[in-house]
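Since the structure comes first, as structure tokens, the remarks are kept for the end.
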Amino acid sequence: MHDRSALAEIRIDRFVRERLERAVHRDARPLRLEAWEAPGEPVAFEEAAGGAYRPIAVGDRWGRPWGTTWFRVRGEVPGTWRDDDGMLPAGTRAEVVVDLGFRAGQPGFQCEAMVWSTDGRPVRGIAPRNNAVVEAVAADGTVDVFIEGASNPDVGSLFTFDPTPVGDPATAGDEPIYTLRHVDLRLRDLEVAALLADTRALRGLVDQLDAGSPRRAEILIALERMVDAVDPHDVAGTAAAGRAALAPALARPAAASAHTLHAVGHAHIDSAWLWPVRETVRKVARTFSNVLSLMDEDPEFVFAASSAQQYAWIKETYPELFERIRARVAEDRFVPVGGMWVESDTNLPGGEALARQFVAGKGFFMREFGIDSPEVWLPDSFGYTGAFPQIARAAGARWFLTQKISWNETNRMPHHTFRWEGIDGTRLYTHFPPVDTYNSVVSAAELAHAERNFADKGVSGASLLPYGYGDGGGGPTREMTQAIARTGSLEGSPRVVHSTPRGFFETVEAEYPEPEVWVGELYLEFHRGTYTSQLAAKQGNRRSEHLLREAELWAATAAVRTGAEYPAERLARAWETVLLLQFHDILPGSSIAWVYRDAERSYAAVARELEDVIASSLRALAGEGERMLRVNAAPHARDGVAALGGGAVDGAALTMPEPHGDGWVLDNGIVRAVVDGRGLVVSAVDVATGREAVAPGEAAGLLQLHRDTPAQWDAWDVDVTHRSDVTDLDGVERIGVEGEEIVVTRAFGDSRATERISLARGSRVVSFAFDLDWHETQKLLKLVFPVDVHTDSAVSEIQFGHVERPTHTNTSWDAARFETVAQRWIRVAEPDFGISIVNDSTYGHDVTRHGRPGGGTVSVVGLSLLRAALFPDPAQDQGEHSLRVGLAVGADMTETVVEGYRANLPVRLVEGVAVDRIDPIVEVDAPGVVVEAVKLAEDGSGDVVVRLYEALGVRAAARLTAGFAASGIHETDLLERELAPTALVESSVEAERATATLTLRPFQIVTLRFGR
């Protein structure tokens, strides 16, 4: 039998479902409809308004996958709704309510629409759970609007991870996928709607209170009294009585000790994911127009949105909407946050790219709105590099917000508010909301969870509540703001107050100025496959970052030396494209196929543009003639060419392989490597010390194939269980020497790998160049190097430095870190000998250890090369790929850094020039102090900006000398704003030759501006 409270809950829930919800609208009348289907991609309003519209009726099918259908909607308020004076009944209003064929599932993952006025003004968006448009009804009661319907297919909102063809327009089909359900004019009863909001607030709270609590009993009695007070046959006429019955329960204030949630309206709009970038532009417009509409209704409502790119889209495509946003920004109600171009991944972009996220993002916000966002806003990125605190602080940020760490599979972060210390010692005040979602709907369950979950009770009493439908957009709804209005101070619930990110951080920082410290990266114990998925995108990013470095360096050098025009706008556009593609669902490889088709074209266009900039800049520097020149954009001298300069042609040749047993030996006097008949490196000796790099009985450069069937998120995850199913790919289809390379071809499954093994003269790097024709399914391809090094840690390059991670599994934190991310290199070493693996494409790595029969351990460095997940792109990584990996034998830390750059910045040969030398634009006398960027200033002044960092993790003194006339040197932040002088940077100008003497802490980033 049910107890009394359970019966009361059943009775109340049925009454809400069958009476209150159905009575919110007193009446509904269908509107007249016509439709026109855009023939291809979305079109502008002007074209759509002139389309050939035809009648369409409720129940008709519409919308091919990814298509656009425009509806013309007309009608008028019926006379029966009006009184004798022509007015609507008191406490009511007319609104258009649209159901395009919405299905169960989250808003933003299915069909959506934008309502337009007949004069071409975007009015507001339509989505499931947010589909009423008051503005569509004119003051005279007429309706005449256009609705731009986007028939986006539901690629996977339920996350069953079933392979689907709809993520690629070439395979998505052409048949209509939605059924028009209704487009009505409805009469909304505001008192009934308010009663429903009252009831939901209290009914939700009942489920969060202890079964025996007096407060729970009080609320249930109040709800039962409401049911008794409301006539089920005249809800509108008795709604006020129902509200009166609930008023005493709603009036009881929150306890003095109640947790306070700072509610910030939000719509985490993925810049691409299960939809293409072009659809994100429309998603942003729909969401932002919704937000503006809600601001008109609720004067307390505040909304925060990140990503300067999304504002830039609105400015370009919806200028009238952008001006409305600008007005609300000035009121501090529409709050641009984060200061980045997009909510980027932070593991995969290089250091300079992360810096430019702020340069581009903050620059846009300052130009357009006159604001400098003080916080970083990255709720959903897949882990956070240990270099980030310094980068953010160098961009002027004070605070950092994330949510994603709550997704950890194994370990729970010990704090929600803390100071995050990066690899250089910089600390950043950080918060991640205990509500454990960035898409809160302000439910009682979420509010109670946030209060219970908050890890810093006793020292802090506040947290942030980001609420609103996100991922696919939509944002806050009036139901959410109504919930906030009722939980501002409600006994049994935490307090909820409207706030801004700044308002929250200033409050909590004043209350809790010295929180606990978390040191190093914020490693996400989840989504480890994102280091590897979609290799082509990762290669496009890596190549673009280095091309941008080259283009800026040579363009700046040409501008300074020859007066050539600096192509600032071209470089800015290229940067903006690359920064967009670093969004945390694009670069990590977790989007649909369409996104990667677009990315491939974008990276190709960036490469063409930058190659043209490089070529024209070098031509301006070197002139026309009969000579050949080698130019080196890397921060270290190589092959006789100065760093950041050019020299005579004298490249390093390869060592000729010599027969050895059933294989060959490569010996250049520095390294002696033996390749056996399987095409595997069975020995790699540092000639100077006689130290063997390859573990006894092992083989380096071995490809391995793993089963890759993660338990949850296909393209996102690599599970540790992949290690249980592995096949060594040591079979040989063909092997031999071609020129100066050992060439090995292997066939496996439906795939083929051709590798070229070589050793350059004067080098300690054994090079492996792979051409891969990949056609596997749910497999992971790794390249492993078992090395004779005993260590319990590995050092991996990250942005502006490196991080040391344990390779043992002593703790649950160590065990969970079984797949890690690195930039250009990873190193394992004993105090007097190390092995480094460098790459030009790879980010995912693992380092394992196993014992040897005679004692000691073997360290196995693995590089994750390719995956073949089925969702969301069933053709992920299929096809041809080329990449390079190098085994640096006996390389110390300085040499490792040098080889990482060498693998990604090859010396460039320029033919038909007039000179045999280009002097470096700047020179540094310390090998561990690395010049990362040389460019002209963002403000167009012509000043030269140089960014450098300490790369070895030690304190360093360095002297930086300008190779051009300069009037002075100033240290700046990332946005090139002058900083107060410090003793760590001393500068002088003698005979117009500017010199800076630097004293750097480990991994410190310094930006210097040379006046001209």
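Labeling convention for the structure tokens: chains A, B, ... as they appear, residues from 1 per chain, ligands from 1 in order of appearance.
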
Show me, as a ChimeraX atom specification, the residues that have an atom within 12 Å of A:Arg549 when counting only C-alpha atoms, minus same-chain residues fewer than 3 positions from it.
/A:350-353,356,542-546,552-556,571,574-575,610-611,613-614,632-635,644,901,904-905,931-935,946-947

With only C-alpha atoms as the counted atoms, please give the residues lying no more than 6 Å from stretch 66-80 of chain A, apart from itself and same-chain residues fewer than 2 positions off, as a PDB file with C-alpha atoms, in the first residue's frame.
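Generated output (result11.pdb):
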```pdb
ATOM      1  CA  LEU A  31      -2.679  29.954 -38.542  1.00  0.00           C
ATOM      2  CA  ARG A  32      -2.503  30.039 -42.329  1.00  0.00           C
ATOM      3  CA  LEU A  33       0.689  28.442 -43.634  1.00  0.00           C
ATOM      4  CA  GLU A  34       2.707  28.413 -46.823  1.00  0.00           C
ATOM      5  CA  ALA A  35       6.195  27.001 -47.387  1.00  0.00           C
ATOM      6  CA  TRP A  36       9.170  27.371 -49.698  1.00  0.00           C
ATOM      7  CA  GLU A  37      12.180  25.061 -49.630  1.00  0.00           C
ATOM      8  CA  ALA A  38      15.570  26.644 -50.236  1.00  0.00           C
ATOM      9  CA  GLY A  63      12.645  19.216 -44.555  1.00  0.00           C
ATOM     10  CA  ARG A  64      15.334  17.044 -46.093  1.00  0.00           C
ATOM     11  CA  ARG A  82     -11.707  40.162 -27.217  1.00  0.00           C
ATOM     12  CA  GLY A 141      -3.628  41.409 -33.234  1.00  0.00           C
ATOM     13  CA  THR A 142      -2.401  40.380 -36.671  1.00  0.00           C
ATOM     14  CA  VAL A 143       0.260  37.782 -37.372  1.00  0.00           C
ATOM     15  CA  ASP A 144       2.469  38.016 -40.444  1.00  0.00           C
ATOM     16  CA  VAL A 145       5.929  36.502 -40.076  1.00  0.00           C
ATOM     17  CA  PHE A 146       8.379  34.214 -41.796  1.00  0.00           C
ATOM     18  CA  ILE A 147       9.831  31.164 -40.059  1.00  0.00           C
ATOM     19  CA  GLU A 148      13.190  29.883 -41.271  1.00  0.00           C
ATOM     20  CA  GLY A 149      13.027  26.177 -40.458  1.00  0.00           C
ATOM     21  CA  ALA A 150      16.293  24.218 -40.259  1.00  0.00           C
ATOM     22  CA  SER A 151      15.668  20.501 -40.735  1.00  0.00           C
ATOM     23  CA  ASN A 152      18.827  19.408 -38.957  1.00  0.00           C
TER      24      ASN A 152
END
```

Gap from atom CA of A:Ala642 to atom CA of A:Asp686 - Å, one decimal
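The value is 26.4 Å.
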
Name the residues of stretch 752-878 of chain A that come out as strand (DSSP E) in a backbone DSSP run; write them as number ranges by chain.
A: 752-759, 765-774, 779-787, 793-798, 801-806, 820-821, 825-830, 833-839, 844-851, 857-866

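By chain and then residue number, the residues within 10 Å of A:Phe964 are Thr557, Val560, Arg561, Asp919, Pro920, Ile921, Val922, Val944, Glu992, Arg993, Ala994, Phe1010 and Arg1012 of chain A, counting only C-alpha atoms and disregarding those fewer than 6 positions away in sequence.
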
A:Ala445: which residues within 8 Å, counting only C-alpha atoms, same-chain residues fewer than 3 positions away excluded, as a list in words?
Gly204, Leu205, Asp207, Gln208, Ala448 and His449 of chain A

Prev. selection, N, CA and C atoms, output as a compact mmCIF listing (two decimals), in the first residue's frame:
```txt
# COMPACT_ATOMS: atom_id res chain seq x y z
N GLY A 204 9.26 20.11 -6.84
CA GLY A 204 10.64 19.67 -7.00
C GLY A 204 11.38 19.63 -5.68
N LEU A 205 11.10 20.60 -4.81
CA LEU A 205 11.77 20.65 -3.52
C LEU A 205 11.37 19.47 -2.64
N ASP A 207 11.03 16.43 -3.39
CA ASP A 207 11.86 15.26 -3.68
C ASP A 207 13.26 15.38 -3.12
N GLN A 208 13.67 16.59 -2.71
CA GLN A 208 15.03 16.78 -2.20
C GLN A 208 15.09 16.82 -0.68
N ALA A 448 19.85 21.27 -5.19
CA ALA A 448 20.20 20.48 -4.01
C ALA A 448 21.53 19.75 -4.22
N HIS A 449 21.75 19.25 -5.43
CA HIS A 449 23.02 18.57 -5.71
C HIS A 449 24.20 19.52 -5.56
```

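Within the 8 Å cut-off around A:Gly1011, using only C-alpha atoms and omitting residues fewer than 3 positions from it on the same chain, the listed residues are A:Gly942, A:Asp943, A:Val944, A:Ala966, A:Ser967, A:Gly968, A:Ile969.
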
Using only C-alpha atoms, which residues sit within 12 Å of stretch 978-991 of chain A once same-chain residues fewer than 2 positions away are excluded, as JSON, numbers by chain?
{"A": [394, 395, 396, 945, 955, 956, 957, 958, 959, 960, 961, 962, 963, 964, 965, 966, 967, 968, 969, 970, 971, 972, 973, 974, 975, 976, 993, 994, 995, 996, 997, 998, 999, 1000, 1001, 1004, 1005, 1006, 1007, 1008, 1009, 1010, 1011, 1012]}

Could you give me, as a list in words, the residues within 6 Å of A:Leu261, counting only C-alpha atoms and dropping anything in the same chain fewer than 4 positions from it?
Ala462, Ser463, Leu464, Leu465, Arg495 and Val496 of chain A

Please report, as a VMD selection string, each residue of stretch 18-65 of chain A to which DSSP assigns alpha helix (DSSP H) when run on this structure's backbone.
chain A and resid 21 to 23 45 to 49

Let me make sure I understand: among A:Ala211, A:Val744, A:Val508, A:Ile10, which one has the smallest atom-to-atom distance to A:Val227 if we use only C-alpha atoms?
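For A:Val227, the nearest of the given residues is A:Ile10.
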
With only C-alpha atoms as the basis for distance, which of A:Glu600, A:Asp728, A:Glu409, A:Glu609 is at the shortest distance from A:Pro567?
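Of A:Glu600, A:Asp728, A:Glu409, A:Glu609, the one nearest A:Pro567, counting only C-alpha atoms, is A:Glu609.
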
Nearest-residue call for A:Thr280, choices A:Gly101, A:Pro831, A:Gly470, A:Gly338, using only C-alpha atoms:
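Checking each of A:Gly101, A:Pro831, A:Gly470, A:Gly338 against A:Thr280, counting only C-alpha atoms, the winner is A:Gly470.
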
Using only C-alpha atoms, the shortest atom-to-atom distance to A:Pro872 among A:Gly640, A:Gly51, A:Gly125, A:Pro165 belongs to A:Pro165
